[in-house]
$ cat my_file.cif   # mmCIF, C-alpha atoms
data_model
#
loop_
_atom_site.group_PDB
_atom_site.id
_atom_site.type_symbol
_atom_site.label_atom_id
_atom_site.label_comp_id
_atom_site.auth_asym_id
_atom_site.auth_seq_id
_atom_site.Cartn_x
_atom_site.Cartn_y
_atom_site.Cartn_z
ATOM 1 C CA MET Q 456 -90.308 -27.716 -2.778
ATOM 2 C CA LEU Q 457 -90.725 -29.876 0.296
ATOM 3 C CA PRO Q 458 -90.569 -33.651 -0.067
ATOM 4 C CA SER Q 459 -93.740 -35.614 0.478
ATOM 5 C CA PRO Q 460 -94.185 -36.339 4.180
ATOM 6 C CA VAL Q 461 -93.823 -39.829 5.577
ATOM 7 C CA PRO Q 462 -96.797 -41.152 7.571
ATOM 8 C CA PRO Q 463 -96.749 -39.398 10.957
ATOM 9 C CA LEU Q 464 -96.059 -41.325 14.144
ATOM 10 C CA MET Q 465 -97.867 -40.407 17.359
ATOM 11 C CA GLU Q 466 -97.373 -43.527 19.491
ATOM 12 C CA THR Q 467 -94.773 -46.307 19.756
ATOM 13 C CA GLY Q 468 -96.659 -48.951 21.696
ATOM 14 C CA PHE Q 469 -95.933 -51.429 18.895
ATOM 15 C CA LEU Q 470 -92.316 -51.813 20.063
ATOM 16 C CA PRO Q 471 -91.684 -55.044 22.051
ATOM 17 C CA LEU Q 472 -89.219 -53.356 24.410
ATOM 18 C CA PRO Q 473 -89.269 -52.366 28.096
ATOM 19 C CA HIS Q 474 -90.700 -48.862 28.213
ATOM 20 C CA PHE Q 475 -88.570 -46.495 30.295
ATOM 21 C CA ARG Q 476 -90.426 -43.203 30.161
ATOM 22 C CA SER Q 477 -92.568 -40.913 28.006
ATOM 23 C CA GLY Q 478 -92.022 -37.253 27.245
ATOM 24 C CA LYS Q 479 -94.217 -34.823 25.374
ATOM 25 C CA VAL Q 480 -92.472 -35.798 22.135
ATOM 26 C CA ARG Q 481 -90.114 -38.690 22.861
ATOM 27 C CA GLU Q 482 -90.569 -42.276 24.007
ATOM 28 C CA VAL Q 483 -87.613 -43.944 25.706
ATOM 29 C CA TYR Q 484 -86.987 -47.695 25.851
ATOM 30 C CA ASP Q 485 -84.581 -49.550 28.124
ATOM 31 C CA LEU Q 486 -82.197 -51.888 26.294
ATOM 32 C CA GLY Q 487 -80.122 -52.795 29.331
ATOM 33 C CA GLU Q 488 -76.783 -51.066 28.821
ATOM 34 C CA THR Q 489 -78.310 -48.481 26.486
ATOM 35 C CA LEU Q 490 -81.544 -46.612 25.782
ATOM 36 C CA LEU Q 491 -83.497 -46.199 22.550
ATOM 37 C CA ILE Q 492 -85.000 -42.714 22.164
ATOM 38 C CA VAL Q 493 -87.792 -42.425 19.606
ATOM 39 C CA ALA Q 494 -88.908 -38.936 18.539
ATOM 40 C CA THR Q 495 -92.571 -38.979 17.565
ATOM 41 C CA ASP Q 496 -94.332 -36.328 15.503
ATOM 42 C CA ARG Q 497 -96.223 -35.011 18.520
ATOM 43 C CA ILE Q 498 -96.117 -31.303 19.206
ATOM 44 C CA SER Q 499 -96.909 -29.572 22.480
ATOM 45 C CA ALA Q 500 -97.833 -26.014 23.343
ATOM 46 C CA PHE Q 501 -98.667 -24.434 26.685
ATOM 47 C CA ASP Q 502 -97.727 -27.751 28.327
ATOM 48 C CA CYS Q 503 -100.408 -29.638 26.385
ATOM 49 C CA VAL Q 504 -99.749 -32.263 23.731
ATOM 50 C CA LEU Q 505 -101.856 -31.429 20.709
ATOM 51 C CA PRO Q 506 -103.935 -34.168 19.068
ATOM 52 C CA THR Q 507 -102.534 -33.296 15.627
ATOM 53 C CA PRO Q 508 -99.043 -34.505 14.589
ATOM 54 C CA ILE Q 509 -96.571 -32.522 12.473
ATOM 55 C CA PRO Q 510 -95.356 -34.958 9.774
ATOM 56 C CA ASP Q 511 -91.557 -35.451 9.670
ATOM 57 C CA LYS Q 512 -91.045 -33.487 12.895
ATOM 58 C CA GLY Q 513 -89.536 -36.382 14.854
ATOM 59 C CA ARG Q 514 -87.130 -37.243 12.048
ATOM 60 C CA ILE Q 515 -86.010 -33.619 11.770
ATOM 61 C CA LEU Q 516 -85.449 -33.353 15.535
ATOM 62 C CA THR Q 517 -83.386 -36.547 15.545
ATOM 63 C CA ALA Q 518 -81.308 -35.508 12.535
ATOM 64 C CA LEU Q 519 -80.588 -32.059 13.945
ATOM 65 C CA SER Q 520 -79.610 -33.461 17.336
ATOM 66 C CA ALA Q 521 -77.241 -35.894 15.642
ATOM 67 C CA PHE Q 522 -75.780 -33.056 13.576
ATOM 68 C CA TRP Q 523 -75.092 -30.882 16.617
ATOM 69 C CA PHE Q 524 -73.780 -33.740 18.777
ATOM 70 C CA ASN Q 525 -71.293 -34.525 16.023
ATOM 71 C CA ARG Q 526 -70.380 -30.904 15.409
ATOM 72 C CA LEU Q 527 -69.911 -29.827 19.043
ATOM 73 C CA GLY Q 528 -68.806 -33.106 20.597
ATOM 74 C CA ASN Q 529 -65.345 -31.675 21.208
ATOM 75 C CA PHE Q 530 -66.777 -29.495 23.990
ATOM 76 C CA VAL Q 531 -68.205 -32.335 26.075
ATOM 77 C CA PRO Q 532 -69.000 -36.044 25.543
ATOM 78 C CA HIS Q 533 -72.564 -36.708 24.403
ATOM 79 C CA HIS Q 534 -74.816 -39.715 24.850
ATOM 80 C CA MET Q 535 -75.461 -40.535 21.169
ATOM 81 C CA LEU Q 536 -74.167 -43.905 20.000
ATOM 82 C CA SER Q 537 -75.952 -44.360 16.671
ATOM 83 C CA CYS Q 538 -78.977 -43.422 14.587
ATOM 84 C CA ALA Q 539 -78.369 -46.282 12.149
ATOM 85 C CA PRO Q 540 -81.108 -48.942 12.284
ATOM 86 C CA GLU Q 541 -78.548 -51.718 11.701
ATOM 87 C CA ASP Q 542 -77.076 -50.892 15.115
ATOM 88 C CA PHE Q 543 -80.386 -51.365 16.915
ATOM 89 C CA PRO Q 544 -81.132 -54.620 18.757
ATOM 90 C CA ALA Q 545 -82.717 -57.542 16.955
ATOM 91 C CA ALA Q 546 -86.083 -56.971 18.638
ATOM 92 C CA VAL Q 547 -86.310 -53.579 16.940
ATOM 93 C CA GLN Q 548 -85.358 -54.703 13.419
ATOM 94 C CA PRO Q 549 -88.899 -55.615 12.257
ATOM 95 C CA TYR Q 550 -89.981 -52.037 13.049
ATOM 96 C CA CYS Q 551 -87.122 -50.112 11.473
ATOM 97 C CA ASP Q 552 -89.265 -48.874 8.590
ATOM 98 C CA GLN Q 553 -91.469 -47.044 11.078
ATOM 99 C CA LEU Q 554 -88.501 -45.838 13.141
ATOM 100 C CA ALA Q 555 -86.278 -44.801 10.227
ATOM 101 C CA GLY Q 556 -84.614 -41.485 10.971
ATOM 102 C CA ARG Q 557 -86.461 -40.908 14.252
ATOM 103 C CA ALA Q 558 -84.690 -43.285 16.676
ATOM 104 C CA MET Q 559 -81.379 -42.768 18.466
ATOM 105 C CA LEU Q 560 -79.396 -45.330 20.450
ATOM 106 C CA VAL Q 561 -77.793 -43.631 23.461
ATOM 107 C CA ARG Q 562 -75.767 -44.553 26.492
ATOM 108 C CA LYS Q 563 -77.307 -44.379 29.925
ATOM 109 C CA THR Q 564 -76.582 -41.569 32.351
ATOM 110 C CA THR Q 565 -78.022 -40.168 35.540
ATOM 111 C CA PRO Q 566 -79.753 -36.965 34.371
ATOM 112 C CA LEU Q 567 -79.081 -33.835 36.396
ATOM 113 C CA PRO Q 568 -82.275 -32.232 37.786
ATOM 114 C CA VAL Q 569 -81.773 -28.883 36.036
ATOM 115 C CA GLU Q 570 -82.166 -27.418 32.567
ATOM 116 C CA CYS Q 571 -79.302 -25.242 31.383
ATOM 117 C CA VAL Q 572 -80.640 -22.280 29.419
ATOM 118 C CA ALA Q 573 -78.530 -19.837 27.426
ATOM 119 C CA ARG Q 574 -80.041 -16.544 26.268
ATOM 120 C CA GLY Q 575 -78.427 -14.228 23.738
ATOM 121 C CA TYR Q 576 -81.412 -11.987 23.003
ATOM 122 C CA LEU Q 577 -84.291 -10.481 24.928
ATOM 123 C CA ALA Q 578 -87.260 -12.669 24.056
ATOM 124 C CA GLY Q 579 -89.949 -14.933 25.442
ATOM 125 C CA SER Q 580 -90.151 -15.196 29.218
ATOM 126 C CA GLY Q 581 -86.934 -13.164 29.468
ATOM 127 C CA TRP Q 582 -88.619 -10.212 27.765
ATOM 128 C CA LYS Q 583 -91.626 -10.481 30.091
ATOM 129 C CA ASP Q 584 -89.303 -10.635 33.103
ATOM 130 C CA TYR Q 585 -87.390 -7.573 31.888
ATOM 131 C CA GLN Q 586 -90.609 -5.592 31.427
ATOM 132 C CA ARG Q 587 -91.603 -6.344 35.021
ATOM 133 C CA THR Q 588 -88.259 -6.075 36.794
ATOM 134 C CA GLY Q 589 -85.579 -4.670 34.495
ATOM 135 C CA GLN Q 590 -83.818 -8.014 34.912
ATOM 136 C CA VAL Q 591 -83.753 -11.450 33.294
ATOM 137 C CA CYS Q 592 -83.774 -14.247 35.855
ATOM 138 C CA GLY Q 593 -82.005 -12.024 38.382
ATOM 139 C CA HIS Q 594 -79.475 -10.576 35.919
ATOM 140 C CA PRO Q 595 -79.774 -6.735 35.876
ATOM 141 C CA LEU Q 596 -79.897 -5.237 32.380
ATOM 142 C CA PRO Q 597 -79.584 -1.685 31.040
ATOM 143 C CA PRO Q 598 -82.858 0.270 30.785
ATOM 144 C CA GLY Q 599 -84.513 0.945 27.463
ATOM 145 C CA LEU Q 600 -83.942 -2.395 25.768
ATOM 146 C CA ARG Q 601 -86.472 -3.517 23.175
ATOM 147 C CA GLU Q 602 -87.950 -6.941 22.579
ATOM 148 C CA ALA Q 603 -85.482 -9.055 20.552
ATOM 149 C CA ASP Q 604 -82.545 -6.762 21.328
ATOM 150 C CA PRO Q 605 -79.234 -8.588 21.758
ATOM 151 C CA LEU Q 606 -78.188 -8.867 25.376
ATOM 152 C CA PRO Q 607 -74.952 -7.181 26.438
ATOM 153 C CA GLU Q 608 -73.572 -10.722 26.783
ATOM 154 C CA PRO Q 609 -75.177 -14.167 26.707
ATOM 155 C CA LEU Q 610 -76.768 -15.186 29.992
ATOM 156 C CA PHE Q 611 -76.936 -18.545 31.749
ATOM 157 C CA THR Q 612 -80.355 -18.945 33.371
ATOM 158 C CA PRO Q 613 -80.971 -22.412 34.863
ATOM 159 C CA ALA Q 614 -84.398 -23.881 35.471
ATOM 160 C CA THR Q 615 -85.899 -26.849 37.225
ATOM 161 C CA LYS Q 616 -87.063 -29.794 35.142
ATOM 162 C CA ALA Q 617 -90.782 -30.054 35.743
ATOM 163 C CA VAL Q 618 -92.394 -33.454 35.236
ATOM 164 C CA THR Q 619 -95.692 -31.675 34.606
ATOM 165 C CA GLY Q 620 -96.463 -28.008 34.135
ATOM 166 C CA HIS Q 621 -93.976 -25.248 33.536
ATOM 167 C CA ASP Q 622 -90.272 -25.358 34.288
ATOM 168 C CA GLU Q 623 -89.310 -22.808 36.940
ATOM 169 C CA ASN Q 624 -86.345 -20.477 36.668
ATOM 170 C CA ILE Q 625 -83.924 -20.757 39.566
ATOM 171 C CA SER Q 626 -80.849 -18.839 40.696
ATOM 172 C CA LEU Q 627 -77.266 -20.097 40.556
ATOM 173 C CA ALA Q 628 -77.399 -20.444 44.347
ATOM 174 C CA GLN Q 629 -80.504 -22.633 44.110
ATOM 175 C CA MET Q 630 -78.860 -24.693 41.392
ATOM 176 C CA ALA Q 631 -75.754 -25.115 43.555
ATOM 177 C CA ASP Q 632 -77.942 -26.311 46.434
ATOM 178 C CA ARG Q 633 -79.247 -29.069 44.138
ATOM 179 C CA ILE Q 634 -76.080 -30.252 42.418
ATOM 180 C CA GLY Q 635 -73.127 -28.536 44.112
ATOM 181 C CA SER Q 636 -71.226 -25.330 43.393
ATOM 182 C CA GLU Q 637 -68.428 -26.866 41.295
ATOM 183 C CA LEU Q 638 -70.803 -28.676 38.952
ATOM 184 C CA THR Q 639 -72.912 -25.525 38.705
ATOM 185 C CA ARG Q 640 -69.852 -23.532 37.643
ATOM 186 C CA ARG Q 641 -68.866 -26.124 35.052
ATOM 187 C CA LEU Q 642 -72.358 -26.285 33.584
ATOM 188 C CA ALA Q 643 -72.649 -22.502 33.363
ATOM 189 C CA GLU Q 644 -69.335 -22.285 31.479
ATOM 190 C CA LEU Q 645 -70.171 -25.235 29.233
ATOM 191 C CA THR Q 646 -73.675 -23.990 28.416
ATOM 192 C CA LEU Q 647 -72.402 -20.595 27.303
ATOM 193 C CA ALA Q 648 -69.540 -22.150 25.324
ATOM 194 C CA LEU Q 649 -71.931 -24.458 23.458
ATOM 195 C CA TYR Q 650 -74.367 -21.628 22.841
ATOM 196 C CA THR Q 651 -71.668 -19.308 21.505
ATOM 197 C CA ALA Q 652 -70.259 -21.953 19.154
ATOM 198 C CA ALA Q 653 -73.718 -22.884 17.890
ATOM 199 C CA ALA Q 654 -74.790 -19.246 17.475
ATOM 200 C CA ASP Q 655 -71.621 -18.432 15.521
ATOM 201 C CA TYR Q 656 -72.247 -21.347 13.170
ATOM 202 C CA ALA Q 657 -75.968 -20.577 12.798
ATOM 203 C CA ARG Q 658 -75.073 -17.039 11.707
ATOM 204 C CA THR Q 659 -73.114 -18.485 8.783
ATOM 205 C CA ARG Q 660 -76.322 -20.278 7.756
ATOM 206 C CA GLY Q 661 -78.471 -17.148 7.913
ATOM 207 C CA LEU Q 662 -80.026 -17.917 11.299
ATOM 208 C CA ILE Q 663 -79.890 -16.202 14.681
ATOM 209 C CA LEU Q 664 -79.873 -18.532 17.685
ATOM 210 C CA CYS Q 665 -81.828 -16.455 20.167
ATOM 211 C CA ASP Q 666 -81.805 -18.932 23.032
ATOM 212 C CA THR Q 667 -81.616 -22.641 23.743
ATOM 213 C CA LYS Q 668 -81.663 -25.173 26.547
ATOM 214 C CA PHE Q 669 -79.346 -28.076 27.236
ATOM 215 C CA GLU Q 670 -79.590 -31.090 29.485
ATOM 216 C CA PHE Q 671 -76.722 -33.042 30.994
ATOM 217 C CA GLY Q 672 -76.173 -36.219 32.960
ATOM 218 C CA LEU Q 673 -73.402 -38.099 34.715
ATOM 219 C CA ASP Q 674 -72.113 -41.446 33.483
ATOM 220 C CA GLY Q 675 -71.041 -44.340 35.696
ATOM 221 C CA ASP Q 676 -67.644 -42.725 36.233
ATOM 222 C CA GLY Q 677 -69.148 -39.414 37.256
ATOM 223 C CA GLN Q 678 -68.236 -37.730 33.970
ATOM 224 C CA LEU Q 679 -70.438 -35.017 32.528
ATOM 225 C CA VAL Q 680 -72.417 -36.047 29.408
ATOM 226 C CA TRP Q 681 -74.593 -33.941 27.078
ATOM 227 C CA ILE Q 682 -77.973 -35.709 26.786
ATOM 228 C CA ASP Q 683 -81.523 -35.380 25.466
ATOM 229 C CA GLU Q 684 -81.812 -33.228 22.326
ATOM 230 C CA ALA Q 685 -79.378 -30.743 20.854
ATOM 231 C CA LEU Q 686 -80.260 -27.298 19.511
ATOM 232 C CA THR Q 687 -83.478 -28.330 17.773
ATOM 233 C CA PRO Q 688 -86.425 -26.034 16.995
ATOM 234 C CA ASP Q 689 -88.195 -27.664 19.949
ATOM 235 C CA SER Q 690 -85.474 -26.651 22.417
ATOM 236 C CA SER Q 691 -84.236 -23.468 20.736
ATOM 237 C CA ARG Q 692 -85.493 -20.227 19.260
ATOM 238 C CA TYR Q 693 -84.103 -19.598 15.766
ATOM 239 C CA TRP Q 694 -84.743 -16.380 13.841
ATOM 240 C CA ASP Q 695 -84.179 -15.569 10.186
ATOM 241 C CA ALA Q 696 -81.180 -13.212 10.198
ATOM 242 C CA ALA Q 697 -82.364 -11.476 7.018
ATOM 243 C CA ALA Q 698 -85.752 -10.641 8.553
ATOM 244 C CA TYR Q 699 -84.473 -9.821 12.053
ATOM 245 C CA ALA Q 700 -85.408 -6.468 13.527
ATOM 246 C CA PRO Q 701 -85.644 -5.643 17.239
ATOM 247 C CA GLY Q 702 -88.763 -4.060 18.646
ATOM 248 C CA GLY Q 703 -91.039 -7.070 18.202
ATOM 249 C CA SER Q 704 -91.011 -10.856 17.934
ATOM 250 C CA PRO Q 705 -89.082 -11.811 14.759
ATOM 251 C CA PRO Q 706 -90.276 -14.663 12.519
ATOM 252 C CA SER Q 707 -88.995 -17.897 14.002
ATOM 253 C CA PHE Q 708 -88.331 -21.498 13.014
ATOM 254 C CA ASP Q 709 -89.871 -23.136 16.032
ATOM 255 C CA LYS Q 710 -93.332 -23.857 17.392
ATOM 256 C CA GLN Q 711 -94.010 -20.205 18.198
ATOM 257 C CA PHE Q 712 -96.059 -20.233 14.994
ATOM 258 C CA VAL Q 713 -98.334 -22.850 16.574
ATOM 259 C CA ARG Q 714 -98.545 -20.911 19.847
ATOM 260 C CA ASP Q 715 -99.501 -17.751 17.949
ATOM 261 C CA TYR Q 716 -102.315 -19.629 16.204
ATOM 262 C CA LEU Q 717 -103.590 -21.132 19.450
ATOM 263 C CA GLU Q 718 -103.662 -17.673 21.036
ATOM 264 C CA THR Q 719 -106.323 -16.700 18.495
ATOM 265 C CA LEU Q 720 -108.681 -19.428 19.728
ATOM 266 C CA ASP Q 721 -111.126 -19.443 22.588
ATOM 267 C CA TRP Q 722 -109.130 -22.076 24.470
ATOM 268 C CA ASN Q 723 -108.207 -21.947 28.160
ATOM 269 C CA LYS Q 724 -104.854 -23.739 27.595
ATOM 270 C CA GLN Q 725 -106.054 -26.771 29.530
ATOM 271 C CA PRO Q 726 -106.457 -30.311 28.135
ATOM 272 C CA PRO Q 727 -107.876 -31.329 25.803
ATOM 273 C CA ALA Q 728 -105.966 -29.205 23.323
ATOM 274 C CA PRO Q 729 -107.610 -28.296 20.002
ATOM 275 C CA ALA Q 730 -106.634 -29.904 16.725
ATOM 276 C CA LEU Q 731 -104.617 -27.915 14.211
ATOM 277 C CA PRO Q 732 -105.974 -27.128 10.740
ATOM 278 C CA ASP Q 733 -104.104 -28.402 7.700
ATOM 279 C CA ALA Q 734 -102.676 -24.988 6.824
ATOM 280 C CA ILE Q 735 -101.061 -24.605 10.270
ATOM 281 C CA ILE Q 736 -99.718 -28.177 10.158
ATOM 282 C CA GLU Q 737 -98.073 -27.672 6.781
ATOM 283 C CA ALA Q 738 -96.673 -24.234 7.623
ATOM 284 C CA THR Q 739 -95.182 -25.622 10.843
ATOM 285 C CA ARG Q 740 -93.686 -28.577 8.986
ATOM 286 C CA GLN Q 741 -92.184 -26.170 6.487
ATOM 287 C CA ARG Q 742 -90.518 -24.137 9.257
ATOM 288 C CA TYR Q 743 -88.918 -27.220 10.811
ATOM 289 C CA TRP Q 744 -87.706 -28.373 7.384
ATOM 290 C CA GLU Q 745 -86.187 -24.994 6.596
ATOM 291 C CA ALA Q 746 -84.324 -24.877 9.910
ATOM 292 C CA TYR Q 747 -82.931 -28.342 9.195
ATOM 293 C CA CYS Q 748 -81.907 -27.550 5.629
ATOM 294 C CA ARG Q 749 -80.270 -24.259 6.553
ATOM 295 C CA LEU Q 750 -78.300 -25.671 9.461
ATOM 296 C CA VAL Q 751 -77.232 -28.959 7.941
ATOM 297 C CA GLY Q 752 -76.657 -27.436 4.524
ATOM 298 C CA GLU Q 753 -78.233 -30.288 2.617
ATOM 299 C CA PRO Q 754 -80.918 -30.157 -0.064
ATOM 300 C CA GLN Q 755 -84.466 -30.690 1.087
ATOM 301 C CA GLY Q 756 -84.326 -34.451 1.120
ATOM 302 C CA ASP Q 757 -84.548 -37.243 3.637
ATOM 303 C CA PRO Q 758 -83.209 -36.138 7.048
ATOM 304 C CA GLN Q 759 -82.469 -39.656 8.235
ATOM 305 C CA HIS Q 760 -79.001 -39.578 6.653
ATOM 306 C CA VAL Q 761 -76.795 -37.286 8.768
#
$ encode --input "my_file.cif" --output "structure tokens"
Amino acid sequence: MLPSPVPPLMETGFLPLPHFRSGKVREVYDLGETLLIVATDRISAFDCVLPTPIPDKGRILTALSAFWFNRLGNFVPHHMLSCAPEDFPAAVQPYCDQLAGRAMLVRKTTPLPVECVARGYLAGSGWKDYQRTGQVCGHPLPPGLREADPLPEPLFTPATKAVTGHDENISLAQMADRIGSELTRRLAELTLALYTAAADYARTRGLILCDTKFEFGLDGDGQLVWIDEALTPDSSRYWDAAAYAPGGSPPSFDKQFVRDYLETLDWNKQPPAPALPDAIIEATRQRYWEAYCRLVGEPQGDPQHV
């Protein structure tokens, strides 16, 4: 049985801090030497933020990111400093009840202008690409593969980071033009290493990690740092290993459930997005909770303690 949800949080304008930037889900505040990242309960689909929050979503995303940063931090330094409210600056302390479990103190970096995507299975845009071209992002694949089939080996498929609209897949050569060939090589190797380690662990928890995306930055010394979120249902596609079968889209623990619902509506995928009914909200919340509980291995309790 799921715990009772905490009141959802859609906006963070109550914080008396310099606002750095807004994402579809996260709000980032500038604390001088560090940043405070607050994960709201907003959910987006088809590049639109929906008007309906998913209770507990931001807390689950923060807890899972913290879990993975801690678990895989031996591969590369990450930006997380603390999720403990007592470590936040004094100006934030009066608001810690509202931020409990959903805020992360991180060190500053210069983000790299690419998203690093790892794909282990034929799904999503990769499946559509394969149907058209027999390739995934320029990688030739054997004929006759089915949707959700495992790839012969995991693929690194970088993309641009779009401020608005869809991210765009790019080639390794295009990535090298943006950030240099040596950094491109390092990121390709690191992305696949992180994906493989995470996928191996997820298998022990009854989940298949189909694909995921990572973001990285450079610190003041030019060292590579893992930033943003880490292997959450917002940035990754998780399937139930027990229910997995190729030849279709397996049940997933991400927002594909919301996308599938929206596809049934007469909506042109332009703002304003429609509100979600209660049944879809609760079923989505349940999927995020189950992913958290399976991966972290804790009972279905408060995710703020990682």
$ resolve_selection --input "my_file.cif" --expression "the PyMOL selection byres ((chain Q and resi 505) around 12)" --output "MDAnalysis selection string"
chainID Q and resid 465 479:480 496:504 506:509 710 713:714 717 724:732 736
$ resolve_selection --input "my_file.cif" --expression "the PyMOL selection byres ((chain Q and resi 482) around 8)" --output "list in words"
Thr467, His474, Phe475, Arg476, Ser477, Gly478, Val480, Arg481, Val483, Tyr484, Ile492, Val493, Ala494 and Thr495 of chain Q
$ closest_residue --input "my_file.cif" --among "Q:Ile515, Q:Ala539, Q:Val569, Q:Cys551" --to "Asp632 of chain Q" --atoms "only C-alpha atoms"
Q:Val569
$ closest_atom_pairs --input "my_file.cif" --of "segment 472-528 of chain Q" --to "segment 683-688 of chain Q" --cutoff "10 Å" --atoms "only C-alpha atoms" --output "CSV"
residue,atom,partner,partner_atom,distance
Q:Arg481,CA,Q:Asp683,CA,9.6
Q:Ile492,CA,Q:Asp683,CA,8.8
Q:Ala494,CA,Q:Glu684,CA,9.9
Q:Lys512,CA,Q:Pro688,CA,9.7
Q:Ile515,CA,Q:Thr687,CA,8.4
Q:Leu516,CA,Q:Thr687,CA,5.8
Q:Thr517,CA,Q:Glu684,CA,7.7
Q:Ala518,CA,Q:Thr687,CA,9.1
Q:Leu519,CA,Q:Thr687,CA,6.1
Q:Ser520,CA,Q:Ala685,CA,4.5
Q:Ala521,CA,Q:Ala685,CA,7.6
Q:Phe522,CA,Q:Ala685,CA,8.4
Q:Trp523,CA,Q:Ala685,CA,6.0
Q:Phe524,CA,Q:Ala685,CA,6.7
Q:Leu527,CA,Q:Ala685,CA,9.7
$ residues_around --input "my_file.cif" --residues "segment 598-613 of chain Q" --least-positions-apart "4" --cutoff "7 Å" --atoms "all atoms listed in the file" --output "mmCIF file with C-alpha atoms, in the frame of the given file"
data_model
loop_
_atom_site.group_PDB
_atom_site.id
_atom_site.type_symbol
_atom_site.label_atom_id
_atom_site.label_comp_id
_atom_site.auth_asym_id
_atom_site.auth_seq_id
_atom_site.Cartn_x
_atom_site.Cartn_y
_atom_site.Cartn_z
ATOM 1 C CA VAL Q 569 -81.773 -28.883 36.036
ATOM 2 C CA GLU Q 570 -82.166 -27.418 32.567
ATOM 3 C CA CYS Q 571 -79.302 -25.242 31.383
ATOM 4 C CA VAL Q 572 -80.640 -22.280 29.419
ATOM 5 C CA ALA Q 573 -78.530 -19.837 27.426
ATOM 6 C CA ARG Q 574 -80.041 -16.544 26.268
ATOM 7 C CA GLY Q 575 -78.427 -14.228 23.738
ATOM 8 C CA TYR Q 576 -81.412 -11.987 23.003
ATOM 9 C CA LEU Q 577 -84.291 -10.481 24.928
ATOM 10 C CA ALA Q 578 -87.260 -12.669 24.056
ATOM 11 C CA TRP Q 582 -88.619 -10.212 27.765
ATOM 12 C CA GLY Q 589 -85.579 -4.670 34.495
ATOM 13 C CA CYS Q 592 -83.774 -14.247 35.855
ATOM 14 C CA ASN Q 624 -86.345 -20.477 36.668
ATOM 15 C CA ILE Q 625 -83.924 -20.757 39.566
ATOM 16 C CA SER Q 626 -80.849 -18.839 40.696
ATOM 17 C CA ALA Q 643 -72.649 -22.502 33.363
ATOM 18 C CA LEU Q 647 -72.402 -20.595 27.303
ATOM 19 C CA PRO Q 701 -85.644 -5.643 17.239
ATOM 20 C CA GLY Q 702 -88.763 -4.060 18.646
ATOM 21 C CA GLY Q 703 -91.039 -7.070 18.202
ATOM 22 C CA SER Q 704 -91.011 -10.856 17.934
#
$ atom_distance --input "my_file.cif" --atom1 "atom CA of Asp733 of chain Q" --atom2 "atom CA of Cys748 of chain Q"
22.3 Å
$ atom_distance --input "my_file.cif" --atom1 "atom CA of Thr667 of chain Q" --atom2 "atom CA of Phe530 of chain Q"
16.3 Å
$ resolve_selection --input "my_file.cif" --expression "the PyMOL selection byres ((chain Q and resi 709) around 7)" --output "number ranges by chain"
Q: 688-689, 692-693, 707-708, 710-712, 742-743
$ atom_distance --input "my_file.cif" --atom1 "atom CA of Leu673 of chain Q" --atom2 "atom CA of Ala652 of chain Q"
22.6 Å
$ closest_residue --input "my_file.cif" --among "Q:Leu596, Q:Leu470, Q:Leu720, Q:Ser580" --to "Leu554 of chain Q" --atoms "all atoms listed in the file"
Q:Leu470
$ decode --input "my_file.cif" --residues "segment 542-549 of chain Q" --atoms "N, CA, C and O atoms" --output "PDB file, in the first residue's frame"
ATOM      1  N   ASP Q 542      21.939  21.227   5.907  1.00  0.00           N
ATOM      2  CA  ASP Q 542      23.097  21.731   5.171  1.00  0.00           C
ATOM      3  C   ASP Q 542      22.751  22.905   4.262  1.00  0.00           C
ATOM      4  O   ASP Q 542      23.641  23.491   3.652  1.00  0.00           O
ATOM      5  N   PHE Q 543      21.470  23.231   4.158  1.00  0.00           N
ATOM      6  CA  PHE Q 543      21.056  24.319   3.286  1.00  0.00           C
ATOM      7  C   PHE Q 543      21.288  25.660   3.983  1.00  0.00           C
ATOM      8  O   PHE Q 543      21.348  25.735   5.206  1.00  0.00           O
ATOM      9  N   PRO Q 544      21.424  26.735   3.207  1.00  0.00           N
ATOM     10  CA  PRO Q 544      21.703  28.041   3.810  1.00  0.00           C
ATOM     11  C   PRO Q 544      20.563  28.522   4.701  1.00  0.00           C
ATOM     12  O   PRO Q 544      19.418  28.061   4.608  1.00  0.00           O
ATOM     13  N   ALA Q 545      20.890  29.456   5.556  1.00  0.00           N
ATOM     14  CA  ALA Q 545      19.926  29.944   6.551  1.00  0.00           C
ATOM     15  C   ALA Q 545      18.661  30.488   5.900  1.00  0.00           C
ATOM     16  O   ALA Q 545      17.557  30.328   6.439  1.00  0.00           O
ATOM     17  N   ALA Q 546      18.805  31.115   4.728  1.00  0.00           N
ATOM     18  CA  ALA Q 546      17.630  31.701   4.074  1.00  0.00           C
ATOM     19  C   ALA Q 546      16.617  30.650   3.652  1.00  0.00           C
ATOM     20  O   ALA Q 546      15.434  30.959   3.451  1.00  0.00           O
ATOM     21  N   VAL Q 547      17.058  29.405   3.537  1.00  0.00           N
ATOM     22  CA  VAL Q 547      16.170  28.331   3.101  1.00  0.00           C
ATOM     23  C   VAL Q 547      15.490  27.645   4.282  1.00  0.00           C
ATOM     24  O   VAL Q 547      14.424  27.036   4.138  1.00  0.00           O
ATOM     25  N   GLN Q 548      16.072  27.756   5.477  1.00  0.00           N
ATOM     26  CA  GLN Q 548      15.595  26.984   6.625  1.00  0.00           C
ATOM     27  C   GLN Q 548      14.098  27.140   6.922  1.00  0.00           C
ATOM     28  O   GLN Q 548      13.431  26.152   7.235  1.00  0.00           O
ATOM     29  N   PRO Q 549      13.530  28.342   6.817  1.00  0.00           N
ATOM     30  CA  PRO Q 549      12.086  28.457   7.110  1.00  0.00           C
ATOM     31  C   PRO Q 549      11.196  27.681   6.144  1.00  0.00           C
ATOM     32  O   PRO Q 549      10.008  27.500   6.417  1.00  0.00           O
TER      33      PRO Q 549
END
